[in-house]
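Engineer: Input input05.cif, format and content: mmCIF, C-alpha atoms.
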```
data_protein
#
loop_
_atom_site.label_atom_id
_atom_site.label_comp_id
_atom_site.auth_asym_id
_atom_site.auth_seq_id
_atom_site.Cartn_x
_atom_site.Cartn_y
_atom_site.Cartn_z
CA MET A 1 31.35 -3.94 7.97
CA ASP A 2 28.03 -5.60 7.19
CA SER A 3 28.25 -8.45 9.63
CA ASN A 4 28.98 -9.26 13.17
CA SER A 5 31.45 -11.96 14.21
CA SER A 6 28.98 -14.81 13.63
CA GLY A 7 28.44 -13.96 9.95
CA ILE A 8 24.82 -12.89 10.36
CA ALA A 9 23.69 -10.19 7.96
CA SER A 10 23.01 -6.75 9.33
CA ASN A 11 20.66 -4.21 7.86
CA SER A 12 23.28 -2.49 5.69
CA SER A 13 22.65 0.52 3.52
CA ARG A 14 23.24 -1.60 0.40
CA SER A 15 20.52 -4.04 1.46
CA ARG A 16 18.11 -1.26 2.31
CA ALA A 17 18.80 0.41 -1.03
CA ALA A 18 18.00 -2.83 -2.87
CA VAL A 19 14.67 -3.10 -1.07
CA TRP A 20 13.79 0.54 -1.74
CA ALA A 21 14.82 0.25 -5.40
CA ALA A 22 12.69 -2.85 -5.92
CA ALA A 23 9.73 -1.30 -4.10
CA GLY A 24 10.07 1.96 -6.02
CA THR A 25 10.30 0.28 -9.40
CA LEU A 26 7.43 -2.12 -8.85
CA GLY A 27 5.41 0.57 -7.06
CA ALA A 28 5.77 2.80 -10.12
CA GLY A 29 4.43 -0.02 -12.28
CA LEU A 30 1.50 -0.51 -9.91
CA LEU A 31 0.88 3.24 -9.98
CA ALA A 32 0.73 3.21 -13.78
CA TYR A 33 -1.73 0.32 -13.62
CA SER A 34 -3.82 2.06 -10.97
CA GLN A 35 -4.18 5.22 -13.03
CA THR A 36 -5.08 3.48 -16.28
CA ALA A 37 -6.76 0.10 -15.84
CA ALA A 38 -7.50 -0.68 -12.18
CA LEU A 39 -11.19 -0.81 -11.43
CA GLU A 40 -13.43 -2.63 -9.00
CA ASN A 41 -17.18 -2.39 -9.33
CA ASP A 42 -17.97 -1.29 -5.77
CA GLU A 43 -15.13 1.13 -5.07
CA GLY A 44 -17.37 4.10 -5.79
CA PHE A 45 -19.15 3.52 -2.50
CA HIS A 46 -15.92 4.12 -0.55
CA LEU A 47 -15.02 7.11 -2.70
CA LEU A 48 -18.45 8.65 -2.17
CA ALA A 49 -18.08 8.21 1.60
CA ALA A 50 -14.67 9.94 1.49
CA PHE A 51 -16.12 12.75 -0.62
CA LEU A 52 -19.02 13.28 1.79
CA ILE A 53 -16.63 13.35 4.76
CA HIS A 54 -14.49 15.86 2.89
CA GLN A 55 -17.62 17.99 2.43
CA GLY A 56 -18.14 18.03 6.21
CA LYS A 57 -20.72 15.30 6.59
CA ARG A 58 -20.40 12.68 9.33
CA PRO A 59 -20.72 8.95 8.75
CA TYR A 60 -23.61 7.23 10.57
CA VAL A 61 -25.16 10.63 11.35
CA ASP A 62 -25.51 12.32 7.95
CA PHE A 63 -25.17 9.26 5.72
CA PHE A 64 -25.03 5.50 6.05
CA TYR A 65 -21.65 3.80 5.74
CA GLN A 66 -21.62 0.15 6.75
CA HIS A 67 -17.86 -0.12 7.30
CA PRO A 68 -15.62 1.22 10.05
CA PRO A 69 -14.85 4.79 8.97
CA LEU A 70 -11.02 4.78 9.23
CA TYR A 71 -10.39 4.30 5.52
CA ALA A 72 -12.99 6.85 4.50
CA LEU A 73 -11.59 9.39 6.98
CA LEU A 74 -8.00 8.89 5.85
CA ASN A 75 -9.01 8.95 2.21
CA ALA A 76 -10.98 12.17 2.75
CA ALA A 77 -7.93 13.79 4.34
CA TRP A 78 -5.75 12.53 1.49
CA MET A 79 -8.19 13.83 -1.11
CA GLY A 80 -8.10 17.20 0.60
CA LEU A 81 -4.34 17.31 0.04
CA VAL A 82 -4.06 15.81 -3.43
CA GLY A 83 -7.40 16.27 -5.15
CA ILE A 84 -10.93 15.00 -4.96
CA ASN A 85 -11.09 12.27 -7.59
CA TRP A 86 -10.64 8.54 -7.99
CA ARG A 87 -7.04 8.93 -9.14
CA SER A 88 -5.98 10.32 -5.77
CA ALA A 89 -7.65 7.41 -3.98
CA HIS A 90 -5.78 4.98 -6.22
CA LEU A 91 -2.53 6.83 -5.48
CA PHE A 92 -3.22 6.50 -1.75
CA SER A 93 -3.74 2.75 -2.17
CA VAL A 94 -0.54 2.35 -4.18
CA LEU A 95 1.44 4.24 -1.53
CA CYS A 96 0.01 1.98 1.19
CA THR A 97 0.81 -1.14 -0.86
CA THR A 98 4.34 0.09 -1.54
CA GLY A 99 4.81 0.82 2.15
CA CYS A 100 3.77 -2.75 2.94
CA ALA A 101 6.23 -4.06 0.35
CA VAL A 102 9.03 -2.10 2.02
CA LEU A 103 8.04 -3.62 5.36
CA VAL A 104 8.13 -7.10 3.83
CA GLY A 105 11.58 -6.46 2.38
CA ARG A 106 12.90 -5.03 5.64
CA TYR A 107 11.51 -8.03 7.52
CA VAL A 108 13.42 -10.39 5.23
CA LEU A 109 16.59 -8.32 5.61
CA ALA A 110 16.34 -8.43 9.38
CA ARG A 111 16.12 -12.21 9.38
CA PHE A 112 18.34 -13.24 6.48
CA TRP A 113 21.59 -14.78 7.59
CA LEU A 114 23.81 -14.66 4.49
CA ILE A 115 25.42 -11.25 4.10
CA ARG A 116 26.22 -11.65 0.43
CA TRP A 117 22.68 -12.57 -0.55
CA ALA A 118 20.76 -10.24 1.74
CA PRO A 119 20.12 -7.50 -0.89
CA ALA A 120 18.90 -10.09 -3.40
CA ALA A 121 16.70 -11.76 -0.78
CA GLY A 122 15.09 -8.47 0.24
CA ALA A 123 14.49 -7.40 -3.36
CA THR A 124 13.11 -10.84 -4.23
CA ALA A 125 10.70 -10.72 -1.30
CA VAL A 126 9.46 -7.33 -2.50
CA ALA A 127 9.09 -8.62 -6.06
CA LEU A 128 7.21 -11.74 -4.96
CA PHE A 129 4.90 -9.57 -2.88
CA PHE A 130 4.19 -7.11 -5.69
CA LEU A 131 3.74 -9.75 -8.38
CA HIS A 132 1.06 -11.67 -6.51
CA ALA A 133 -2.18 -11.50 -8.48
CA GLN A 134 -4.30 -10.29 -5.56
CA ILE A 135 -1.83 -7.50 -4.73
CA ILE A 136 -1.95 -6.30 -8.32
CA ARG A 137 -5.74 -6.54 -8.42
CA MET A 138 -6.65 -5.12 -5.02
CA GLY A 139 -3.62 -3.05 -4.03
CA ALA A 140 -4.31 -0.33 -6.55
CA ILE A 141 -8.03 0.42 -6.18
CA GLY A 142 -10.00 2.84 -4.03
CA GLN A 143 -10.92 0.30 -1.35
CA PRO A 144 -9.36 -0.30 2.08
CA TYR A 145 -7.39 -3.42 1.13
CA ALA A 146 -4.10 -1.57 0.70
CA LEU A 147 -4.50 0.23 4.02
CA CYS A 148 -5.17 -3.11 5.70
CA LEU A 149 -1.98 -4.48 4.17
CA LEU A 150 0.04 -1.59 5.52
CA LEU A 151 -1.47 -1.63 8.99
#
```
Go ahead and express the file in the form of structure tokens.
Structural biologist:
Amino acid sequence: MDSNSSGIASNSSRSRAAVWAAAGTLGAGLLAYSQTAALENDEGFHLLAAFLIHQGKRPYVDFFYQHPPLYALLNAAWMGLVGINWRSAHLFSVLCTTGCAVLVGRYVLARFWLIRWAPAAGATAVALFFLHAQIIRMGAIGQPYALCLLL
């Protein structure tokens, strides 16, 4: 059963499936946007840093990078697995944004008290997260915003 004796919603498989379905569907839309139209003028700087790290250079020693290097290091490792281009960096950002959306949906599920409406509440939270203008704009580009959302 999905509830305990007080009628509080538990994290049922149906609720989790609704959150994952909403995140997957909207994440696929964000992925399509990221591979076709997403662009920010200064994302090349982060992509160049990841490329140089992938080539074996060290930030602050071999080249100047004014940000903390976590995103560039993770992006360099990701590019080593998927491919060294801007599309792989956008894919990494979309995966981080989708992971954050799943966390938002799971958070709502864990705190929603009506069993019957829990799947709808989780999916709605994911949809509201994904459809925010800043998430669409910044969650699909090769900059550390998506990683910051996830972490």
Engineer: Nearest residue to A:Ala127 out of A:Val104, A:Leu31, A:Ile141, A:Ala72, using only C-alpha atoms?
Structural biologist: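 Of the candidates, the smallest distance to A:Ala127 is held by A:Val104.
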Engineer: Extract, using all atoms listed in the file, all DNA, RNA and protein residues at most 8 Å from stretch 117-122 of chain A, discarding same-chain residues fewer than 5 positions from it, and format them as a VMD selection string.
Structural biologist: chain A and resid 9 14 to 16 18 to 19 104 to 106 108 to 109 112
Engineer: Using only C-alpha atoms, which of the listed residues (A:Leu70, A:Ala123, A:Ile115, A:Ala77) sits closest to A:Ala17?
Structural biologist: A:Ala123
Engineer: Closest to A:Leu131 among A:Ile84, A:Ala101, A:Leu47, A:Leu149, using only C-alpha atoms?
Structural biologist: A:Ala101
Engineer: Check the smallest atom-to-atom distance from each of A:Met79, A:Ala140, A:Leu103, A:Ile53 to A:Gln35 using all atoms listed in the file, then report the winner.
Structural biologist: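 With all atoms listed in the file as the atom set, the closest residue is A:Ala140.
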Engineer: Nearest residue to A:Leu151 out of A:Val94, A:Cys100, A:Ala110, A:Ala21, using only C-alpha atoms?
Structural biologist: A:Cys100
